[in-house]
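Quick look at model_3.txt (compact mmCIF, C-alpha atoms and all ligand atoms):
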```
# COMPACT_ATOMS: atom_id res chain seq x y z
CA MET A 21 0.00 0.00 0.00
CA LYS A 22 1.58 3.26 -1.23
CA ALA A 23 0.30 5.52 1.59
CA LEU A 24 1.78 3.13 4.16
CA GLU A 25 5.12 2.94 2.35
CA ALA A 26 5.25 6.76 2.34
CA GLN A 27 5.19 6.93 6.18
CA PRO A 28 8.51 7.59 7.95
CA ARG A 29 9.78 4.23 9.17
CA CYS A 30 12.94 3.12 10.88
CA PRO A 31 13.98 -0.53 10.38
CA LEU A 32 14.28 -2.23 13.78
CA GLY A 33 13.03 -5.80 13.27
CA PHE A 34 13.46 -8.72 10.89
CA TRP A 35 10.41 -9.42 8.74
CA PRO A 36 8.42 -11.47 8.06
CA THR A 37 8.27 -13.21 11.43
CA PRO A 38 7.68 -16.97 11.04
CA LEU A 39 4.16 -18.37 10.73
CA HIS A 40 3.83 -22.11 11.33
CA PRO A 41 1.39 -24.77 12.57
CA LEU A 42 1.36 -26.21 16.10
CA ASP A 43 0.71 -29.81 15.10
CA ARG A 44 1.40 -31.61 18.37
CA LEU A 45 -0.81 -29.22 20.30
CA SER A 46 -3.57 -29.30 17.67
CA ALA A 47 -3.58 -33.12 17.68
CA GLU A 48 -3.89 -33.14 21.45
CA ILE A 49 -6.87 -30.78 21.58
CA GLY A 50 -8.52 -32.54 18.61
CA GLY A 51 -9.23 -29.46 16.51
CA PRO A 52 -9.36 -26.66 15.48
CA ARG A 53 -5.92 -26.55 13.87
CA ILE A 54 -3.78 -23.96 15.68
CA TRP A 55 -1.11 -21.89 13.94
CA ILE A 56 1.24 -19.34 15.43
CA LYS A 57 2.71 -16.03 14.22
CA ARG A 58 6.07 -15.52 15.89
CA ASP A 59 6.41 -11.84 16.74
CA ASP A 60 8.38 -13.11 19.75
CA LEU A 61 11.08 -13.53 17.10
CA SER A 62 10.89 -9.96 15.74
CA GLY A 63 14.58 -9.68 16.54
CA LEU A 64 14.81 -6.52 18.68
CA ALA A 65 16.14 -7.38 22.15
CA PHE A 66 14.18 -10.66 22.61
CA GLY A 67 11.43 -9.43 20.29
CA GLY A 68 7.77 -8.61 20.62
CA ASN A 69 4.90 -6.73 19.06
CA LYS A 70 6.21 -3.29 20.09
CA THR A 71 8.99 -3.61 17.49
CA ARG A 72 6.35 -3.17 14.77
CA LYS A 73 4.89 -0.01 16.32
CA LEU A 74 8.31 1.42 17.12
CA GLU A 75 9.42 1.27 13.48
CA PHE A 76 6.79 3.93 12.69
CA LEU A 77 6.96 5.84 16.00
CA VAL A 78 10.74 6.13 15.98
CA GLY A 79 10.67 6.87 12.25
CA GLY A 80 8.44 9.88 12.99
CA ALA A 81 10.58 11.03 15.93
CA ARG A 82 13.76 10.87 13.85
CA GLN A 83 12.13 12.92 11.11
CA LEU A 84 11.52 15.62 13.76
CA GLY A 85 15.21 15.51 14.68
CA CYS A 86 14.66 14.07 18.15
CA ASP A 87 17.77 13.23 20.20
CA THR A 88 15.88 11.49 23.02
CA LEU A 89 12.97 9.06 23.37
CA ILE A 90 10.60 9.07 26.33
CA THR A 91 8.03 6.43 27.08
CA GLY A 92 6.48 4.71 30.08
CA GLY A 93 4.76 1.63 31.42
CA ALA A 94 4.86 -1.01 34.13
CA ALA A 95 8.19 -1.87 35.77
CA GLN A 96 8.35 -5.04 33.62
CA SER A 97 7.12 -3.32 30.45
CA ASN A 98 8.09 -5.09 27.23
CA HIS A 99 7.35 -1.90 25.35
CA CYS A 100 9.85 0.08 27.44
CA ARG A 101 12.53 -2.61 26.97
CA GLN A 102 12.12 -2.56 23.17
CA THR A 103 12.11 1.27 23.13
CA ALA A 104 15.32 1.32 25.18
CA ALA A 105 16.93 -1.12 22.73
CA ALA A 106 15.83 0.95 19.71
CA ALA A 107 17.27 4.10 21.33
CA ALA A 108 20.58 2.34 21.99
CA GLN A 109 20.73 1.09 18.40
CA LEU A 110 20.14 4.61 17.03
CA GLY A 111 22.32 6.53 19.51
CA LEU A 112 19.37 8.30 21.16
CA GLU A 113 18.97 8.95 24.89
CA CYS A 114 16.06 7.03 26.45
CA HIS A 115 13.96 8.01 29.48
CA LEU A 116 11.43 5.56 30.94
CA ALA A 117 8.59 6.47 33.32
CA LEU A 118 8.01 3.19 35.16
CA GLY A 119 5.32 2.25 37.65
CA GLY A 120 6.33 1.34 41.19
CA GLU A 121 9.51 1.96 43.18
CA ALA A 122 13.10 0.93 42.48
CA PRO A 123 13.19 -2.79 43.38
CA LYS A 124 16.00 -4.43 45.35
CA GLN A 125 16.57 -6.97 42.59
CA VAL A 126 16.83 -5.76 39.00
CA THR A 127 15.49 -8.57 36.80
CA GLY A 128 13.76 -9.36 33.51
CA ASN A 129 12.86 -6.39 31.32
CA LEU A 130 14.16 -3.93 33.89
CA LEU A 131 17.61 -5.50 33.81
CA LEU A 132 17.57 -5.15 30.02
CA ASP A 133 16.44 -1.48 30.25
CA GLU A 134 19.51 -0.80 32.35
CA LEU A 135 21.81 -2.70 29.99
CA PHE A 136 20.55 -0.49 27.15
CA GLY A 137 21.47 2.58 29.20
CA ALA A 138 17.93 3.90 29.73
CA ARG A 139 17.35 6.48 32.51
CA ILE A 140 14.61 5.21 34.79
CA HIS A 141 12.08 7.50 36.53
CA TRP A 142 10.08 5.65 39.22
CA CYS A 143 6.47 6.85 39.23
CA GLY A 144 4.71 4.95 42.02
CA GLU A 145 1.07 4.26 41.22
CA GLN A 146 1.38 5.69 37.73
CA ARG A 147 2.21 2.75 35.49
CA LYS A 148 0.62 4.05 32.30
CA GLY A 149 3.07 6.84 31.45
CA GLU A 150 1.17 9.60 33.28
CA MET A 151 4.50 11.28 34.18
CA ILE A 152 5.75 11.50 30.57
CA PRO A 153 4.68 15.17 30.03
CA GLN A 154 6.59 16.26 33.15
CA ILE A 155 9.75 14.43 32.05
CA GLU A 156 9.36 15.91 28.58
CA ALA A 157 9.15 19.46 29.98
CA GLU A 158 12.26 18.89 32.11
CA LEU A 159 14.24 17.59 29.14
CA ARG A 160 13.14 20.49 26.94
CA ALA A 161 14.22 22.93 29.65
CA GLN A 162 17.65 21.23 29.50
CA GLY A 163 17.81 21.92 25.77
CA ARG A 164 17.08 18.41 24.56
CA ASN A 165 14.64 17.54 21.79
CA PRO A 166 12.65 14.56 23.09
CA GLY A 167 10.22 12.45 21.09
CA VAL A 168 7.32 11.12 23.15
CA ILE A 169 6.22 7.56 22.53
CA PRO A 170 2.87 6.89 24.21
CA TYR A 171 2.06 4.12 26.70
CA GLY A 172 2.28 0.79 24.88
CA GLY A 173 3.26 2.61 21.68
CA SER A 174 -0.47 2.85 21.06
CA ASN A 175 -1.39 5.86 19.03
CA ALA A 176 -2.47 6.08 15.38
CA ILE A 177 1.14 6.05 14.16
CA GLY A 178 2.12 3.02 16.24
CA ALA A 179 -0.94 1.12 15.03
CA LEU A 180 0.38 1.44 11.47
CA GLY A 181 2.88 -1.24 12.46
CA PHE A 182 0.02 -3.71 12.67
CA VAL A 183 -1.53 -2.53 9.42
CA ALA A 184 1.79 -3.54 7.85
CA ALA A 185 1.75 -6.74 9.93
CA PHE A 186 -1.63 -7.73 8.55
CA ALA A 187 -0.32 -7.35 5.00
CA GLU A 188 2.63 -9.56 6.00
CA PHE A 189 0.19 -12.17 7.36
CA THR A 190 -1.92 -12.22 4.18
CA ALA A 191 1.19 -12.62 2.02
CA GLN A 192 2.28 -15.60 4.15
CA THR A 193 -1.08 -17.33 4.11
CA ARG A 194 -1.33 -16.80 0.35
CA ALA A 195 2.12 -18.36 -0.14
CA LEU A 196 1.05 -21.32 2.04
CA ASP A 197 -2.29 -21.51 0.21
CA GLN A 198 -3.86 -21.69 3.65
CA SER A 199 -6.75 -19.55 4.81
CA MET A 200 -7.32 -18.70 8.48
CA ASP A 201 -10.73 -18.49 10.12
CA GLY A 202 -9.58 -16.49 13.10
CA ILE A 203 -6.71 -14.63 14.74
CA VAL A 204 -6.41 -14.60 18.54
CA PHE A 205 -4.08 -12.21 20.39
CA ALA A 206 -3.53 -10.37 23.67
CA SER A 207 -5.08 -6.90 23.62
CA SER A 208 -4.07 -4.30 26.18
CA SER A 209 -3.21 -0.74 25.11
CA GLY A 210 -5.09 -1.12 21.82
CA GLY A 211 -2.54 -0.43 19.09
CA THR A 212 -2.18 -4.04 18.01
CA HIS A 213 -5.94 -4.49 17.86
CA ALA A 214 -6.54 -1.22 15.99
CA GLY A 215 -3.85 -1.96 13.41
CA LEU A 216 -5.09 -5.50 12.78
CA LEU A 217 -8.68 -4.26 12.51
CA LEU A 218 -7.72 -1.67 9.91
CA GLY A 219 -5.39 -4.06 8.09
CA ALA A 220 -8.13 -6.69 7.91
CA ARG A 221 -10.65 -4.19 6.57
CA LEU A 222 -8.18 -2.93 3.94
CA ALA A 223 -7.55 -6.55 2.87
CA ASP A 224 -11.28 -7.33 2.89
CA TRP A 225 -10.56 -10.25 5.23
CA SER A 226 -13.64 -11.87 6.70
CA GLY A 227 -12.12 -13.98 9.51
CA ARG A 228 -12.66 -13.42 13.20
CA LEU A 229 -10.20 -11.10 15.01
CA LEU A 230 -10.47 -11.97 18.68
CA GLY A 231 -8.64 -9.83 21.24
CA ILE A 232 -8.24 -11.32 24.70
CA GLU A 233 -8.32 -8.43 27.17
CA ILE A 234 -5.39 -8.36 29.57
CA ASP A 235 -6.15 -5.27 31.63
CA LYS A 236 -9.41 -4.00 33.07
CA GLY A 237 -10.55 -0.43 33.19
CA LEU A 238 -10.68 2.55 30.88
CA SER A 239 -8.17 3.34 28.12
CA ASN A 240 -7.42 7.05 27.94
CA GLY A 241 -10.69 7.69 29.74
CA LYS A 242 -12.78 5.61 27.32
CA PRO A 243 -14.22 2.11 27.19
CA PHE A 244 -11.55 -0.07 25.54
CA ALA A 245 -13.56 -0.89 22.38
CA GLU A 246 -14.25 2.78 21.80
CA TRP A 247 -10.55 3.62 22.13
CA ILE A 248 -9.57 0.87 19.65
CA ALA A 249 -12.14 2.10 17.11
CA GLU A 250 -10.91 5.67 17.48
CA LEU A 251 -7.29 4.58 16.97
CA ALA A 252 -8.24 2.60 13.86
CA ASN A 253 -10.11 5.57 12.39
CA THR A 254 -7.21 7.95 13.03
CA SER A 255 -4.72 5.46 11.54
CA ALA A 256 -6.95 5.21 8.46
CA SER A 257 -6.91 8.98 8.06
CA LEU A 258 -3.08 8.91 8.17
CA LEU A 259 -3.34 6.60 5.16
CA ALA A 260 -5.85 8.94 3.51
CA VAL A 261 -8.68 6.40 3.66
CA GLU A 262 -12.09 7.02 5.22
CA MET A 263 -13.17 4.41 7.75
CA ASP A 264 -15.99 4.44 10.24
CA PHE A 265 -15.09 1.92 12.91
CA THR A 266 -17.26 2.02 16.01
CA ALA A 267 -17.05 0.38 19.42
CA ALA A 268 -19.06 -2.50 17.92
CA ASP A 269 -16.21 -3.51 15.59
CA PRO A 270 -13.45 -4.80 17.89
CA ILE A 271 -14.28 -8.29 19.18
CA LEU A 272 -13.03 -8.45 22.77
CA CYS A 273 -13.19 -11.19 25.36
CA ARG A 274 -12.89 -9.93 28.95
CA ASP A 275 -13.38 -13.30 30.64
CA TYR A 276 -9.73 -13.69 31.66
CA ALA A 277 -8.79 -10.18 32.88
CA GLY A 278 -10.54 -10.72 36.22
CA PRO A 279 -7.53 -11.45 38.43
CA GLY A 280 -5.98 -8.10 37.32
CA TYR A 281 -2.99 -6.98 35.27
CA GLY A 282 0.06 -9.18 35.77
CA VAL A 283 -1.62 -11.49 38.30
CA VAL A 284 -0.61 -15.01 37.33
CA SER A 285 -3.25 -17.67 37.93
CA SER A 286 -3.63 -21.32 36.95
CA LEU A 287 -4.89 -20.25 33.47
CA GLU A 288 -1.53 -18.64 32.67
CA ARG A 289 0.58 -21.32 34.37
CA GLU A 290 -1.13 -24.15 32.51
CA ALA A 291 -0.83 -22.36 29.17
CA ILE A 292 2.90 -21.74 29.69
CA ARG A 293 3.53 -25.38 30.62
CA LEU A 294 1.40 -26.78 27.80
CA LEU A 295 3.04 -24.82 24.99
CA ALA A 296 6.52 -25.33 26.47
CA GLU A 297 6.04 -29.10 26.84
CA ARG A 298 4.24 -29.79 23.55
CA GLU A 299 5.93 -27.32 21.20
CA GLY A 300 9.08 -25.98 22.90
CA ILE A 301 7.71 -22.44 22.66
CA LEU A 302 7.67 -19.98 25.55
CA LEU A 303 4.78 -17.72 26.49
CA ASP A 304 5.11 -14.76 28.86
CA PRO A 305 3.15 -14.74 32.14
CA VAL A 306 1.37 -11.37 31.67
CA TYR A 307 0.08 -11.23 28.09
CA THR A 308 0.54 -14.25 25.86
CA ALA A 309 -0.14 -16.87 28.54
CA ARG A 310 -3.45 -15.19 29.42
CA ALA A 311 -4.35 -14.90 25.74
CA PHE A 312 -3.32 -18.47 24.89
CA GLY A 313 -5.06 -19.90 27.95
CA GLY A 314 -8.11 -17.83 27.05
CA MET A 315 -8.05 -19.15 23.48
CA LEU A 316 -7.92 -22.76 24.72
CA ASP A 317 -10.87 -22.06 27.01
CA GLN A 318 -12.83 -20.49 24.15
CA ILE A 319 -12.11 -23.61 22.08
CA ARG A 320 -13.36 -25.82 24.92
CA ARG A 321 -16.52 -23.73 25.05
CA GLY A 322 -17.11 -24.33 21.34
CA VAL A 323 -16.50 -20.81 20.05
CA PHE A 324 -14.52 -22.22 17.09
CA ALA A 325 -15.43 -25.13 14.80
CA ALA A 326 -13.25 -28.26 14.97
CA THR A 327 -12.39 -27.79 11.30
CA ASP A 328 -11.28 -24.16 11.73
CA ASN A 329 -7.76 -22.89 11.27
CA ILE A 330 -6.92 -20.45 14.07
CA LEU A 331 -3.83 -18.28 14.24
CA PHE A 332 -2.42 -17.35 17.64
CA TRP A 333 -0.44 -14.11 17.23
CA HIS A 334 2.50 -14.43 19.68
CA THR A 335 3.24 -10.86 20.80
CA GLY A 336 6.43 -11.60 22.76
CA GLY A 337 7.18 -10.76 26.40
CA GLY A 338 9.60 -13.59 27.21
CA PRO A 339 11.92 -11.61 29.56
CA ALA A 340 9.10 -11.34 32.13
CA LEU A 341 9.58 -15.08 32.75
CA PHE A 342 12.83 -14.17 34.48
CA THR A 343 11.59 -11.71 37.09
CA GLY A 344 12.62 -13.81 40.05
CA GLU A 345 9.03 -14.15 41.21
CA THR A 346 7.73 -17.62 41.83
CA ILE A 347 5.45 -18.21 38.88
CA PHE A 348 5.67 -21.97 39.38
CA LYS A 349 5.34 -23.25 42.90
C1 LIG A 401 2.12 -4.75 24.79
C2 LIG A 401 1.93 -6.21 24.67
C3 LIG A 401 0.71 -6.75 24.22
C4 LIG A 401 -0.52 -5.91 23.95
O1 LIG A 401 -0.43 -5.14 22.79
P1 LIG A 401 -1.27 -3.77 22.74
O2 LIG A 401 -0.98 -3.21 21.42
O3 LIG A 401 -0.75 -2.94 23.88
O4 LIG A 401 -2.70 -4.09 22.94
C5 LIG A 401 0.62 -8.11 24.06
N1 LIG A 401 1.65 -8.92 24.36
C6 LIG A 401 2.84 -8.45 24.81
C7 LIG A 401 3.90 -9.42 25.13
C8 LIG A 401 3.01 -7.08 24.98
O5 LIG A 401 4.19 -6.63 25.44
```

In structure tokens, how does this file's structure come out?
Amino acid sequence: MKALEAQPRCPLGFWPTPLHPLDRLSAEIGGPRIWIKRDDLSGLAFGGNKTRKLEFLVGGARQLGCDTLITGGAAQSNHCRQTAAAAAQLGLECHLALGGEAPKQVTGNLLLDELFGARIHWCGEQRKGEMIPQIEAELRAQGRNPGVIPYGGSNAIGALGFVAAFAEFTAQTRALDQSMDGIVFASSSGGTHAGLLLGARLADWSGRLLGIEIDKGLSNGKPFAEWIAELANTSASLLAVEMDFTAADPILCRDYAGPGYGVVSSLEREAIRLLAEREGILLDPVYTARAFGGMLDQIRRGVFAATDNILFWHTGGGPALFTGETIFK
């Protein structure tokens, strides 16, 4: 798509990420056939879905001559880790507004943030980048030119990464001569969902895009579905196409967000063990394990037909397995 190719973009990942079937797992559950899209192998600092958004976000920041990147998230944010790695690769300074207090033990994503030389600002209760404007003002006062990357990389520019990702997916399924009936993924700050929604509409794809909600509560003061629709519409306007997504368009399943963000329950533990033991693939405890466990539960409840082909979009997050907390007792 020409309008997408015309957007500023900074190469950070290795594309396409692999797409392959999970035959041992599919045989065990007795249908539908499960496939996986390996954005955990995107290549940037242990990979993940934020690499796709960052290519467009960092591309835009570089066009504005930014010498610094600022973003924020939870202490174990995968988005912050990938942003810190991108900054290191490009010789930019990186500031991270992280939720919580400085922990005694620096592990997982936080350890990687420090290895990439990011400056950490501890923000207590504020784990969704609320302190970014204050940090930005301070850096400007010091004469720096910071580029702000929103929480989760989820704005209309970041979502373009998943418009491009959807085109990558359709090219792969065409080459395999294999159609998919559904795509299941973890949905949290909305950029992945919005980009896939727009990409699917642009491709005239009629499968089912099912986002498993990871976090409860409002997104930027709005119900989550409304926020996703708004992002998708704004991304469309960046590509000079008119779209009219509404809150009725994103398909969301909230059934598994109950325990709260980052709270690991038996759903996540069982999903991690199952995929590790049957396929040698690792899920992360916060996002992909909840989404994969949720998908298996939806299958058990008969949401998909036994003859369907379902793609699980692996969005990364592996370093959170090494946070020193006891996920497995
Ligand atoms: C951020 C993240 C997600 C959610 O993507 P959004 O675009 O924020 O909805 C899913 N999985 C992992 C591993 C993530 O880091």

Give the answer as one residue: which of A:Leu251, A:Ala340, A:Leu45, A:Leu238 has the shortest atom-to-atom distance to Ser174 (chain A), using all atoms listed in the file?
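Closest to Ser174 (chain A), using all atoms listed in the file: A:Leu251.
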
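Residues in contact with ligand LIG 401 (chain A) comprise Gly68, Asn69, Lys70, Ser97, Asn98, His99, Gly172, Ser174, Ala206, Ser207, Ser208, Ser209, Gly210, Gly211, Thr212, His213, Asp304, Tyr307, Thr308, Thr335, Gly336 and Gly337 of chain A, where contact means an atom-to-atom distance of at most 7 Å counting only C-alpha atoms and all ligand atoms.
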
So that I can see what lies close to Cys30 (chain A), please list as a list in words the residues with an atom at most 10 Å from it, counting only C-alpha atoms and leaving out residues fewer than 6 positions away in the same chain.
Arg72, Leu74, Glu75, Phe76, Leu77, Val78, Gly79, Gly80, Ala81, Arg82, Gln83, Ala106 and Leu110 of chain A

As AutoDock Vina command-line options, please report the centre and edge lengths, rounded to one decimal in Å, of the axis-aligned box that holds all listed atoms of region 61-69 of chain A with 4 Å of padding on each of the six sides.
```
--center_x 10.5 --center_y -10.0 --center_z 19.2 --size_x 19.2 --size_y 15.0 --size_z 14.9
```

Counting all atoms listed in the file, figure out which residue out of A:Leu217, A:Gln109, A:Trp333, A:Gly93 gets nearest to Leu130 (chain A).
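Between A:Leu217, A:Gln109, A:Trp333, A:Gly93, the residue approaching Leu130 (chain A) most closely is A:Gly93.
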
Using CA of Gly137 (chain A) and CA of Ala185 (chain A) as the two end points, give the distance in Å to one decimal.
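CA of Gly137 (chain A) sits 29.1 Å away from CA of Ala185 (chain A).
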
State, in Å with one decimal place, the distance from CA of Ile90 (chain A) to CA of Leu159 (chain A).
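Distance between the two atoms: 9.7 Å.
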
Polymer residues at most 6 Å from (6.3, -20.4, 34.3) by only C-alpha atoms, as an mmCIF file with C-alpha atoms, keeping the file's coordinate frame:
```cif
data_model
loop_
_atom_site.group_PDB
_atom_site.id
_atom_site.type_symbol
_atom_site.label_atom_id
_atom_site.label_comp_id
_atom_site.auth_asym_id
_atom_site.auth_seq_id
_atom_site.Cartn_x
_atom_site.Cartn_y
_atom_site.Cartn_z
ATOM 1 C CA ARG A 289 0.580 -21.320 34.370
ATOM 2 C CA ILE A 292 2.900 -21.740 29.690
ATOM 3 C CA ILE A 347 5.450 -18.210 38.880
ATOM 4 C CA PHE A 348 5.670 -21.970 39.380
#
```

Tell me which protein, DNA and RNA residues are within 12 Å of region 321-324 of chain A, counting all atoms listed in the file, leaving out same-chain ones fewer than 3 positions away, and put them as a list in words.
Gly51, Pro52, Arg53, Ile54, Met200, Asp201, Gly202, Ile203, Val204, Gly227, Arg228, Leu230, Cys273, Gly314, Met315, Leu316, Asp317, Gln318, Thr327, Asp328, Asn329, Ile330 and Leu331 of chain A
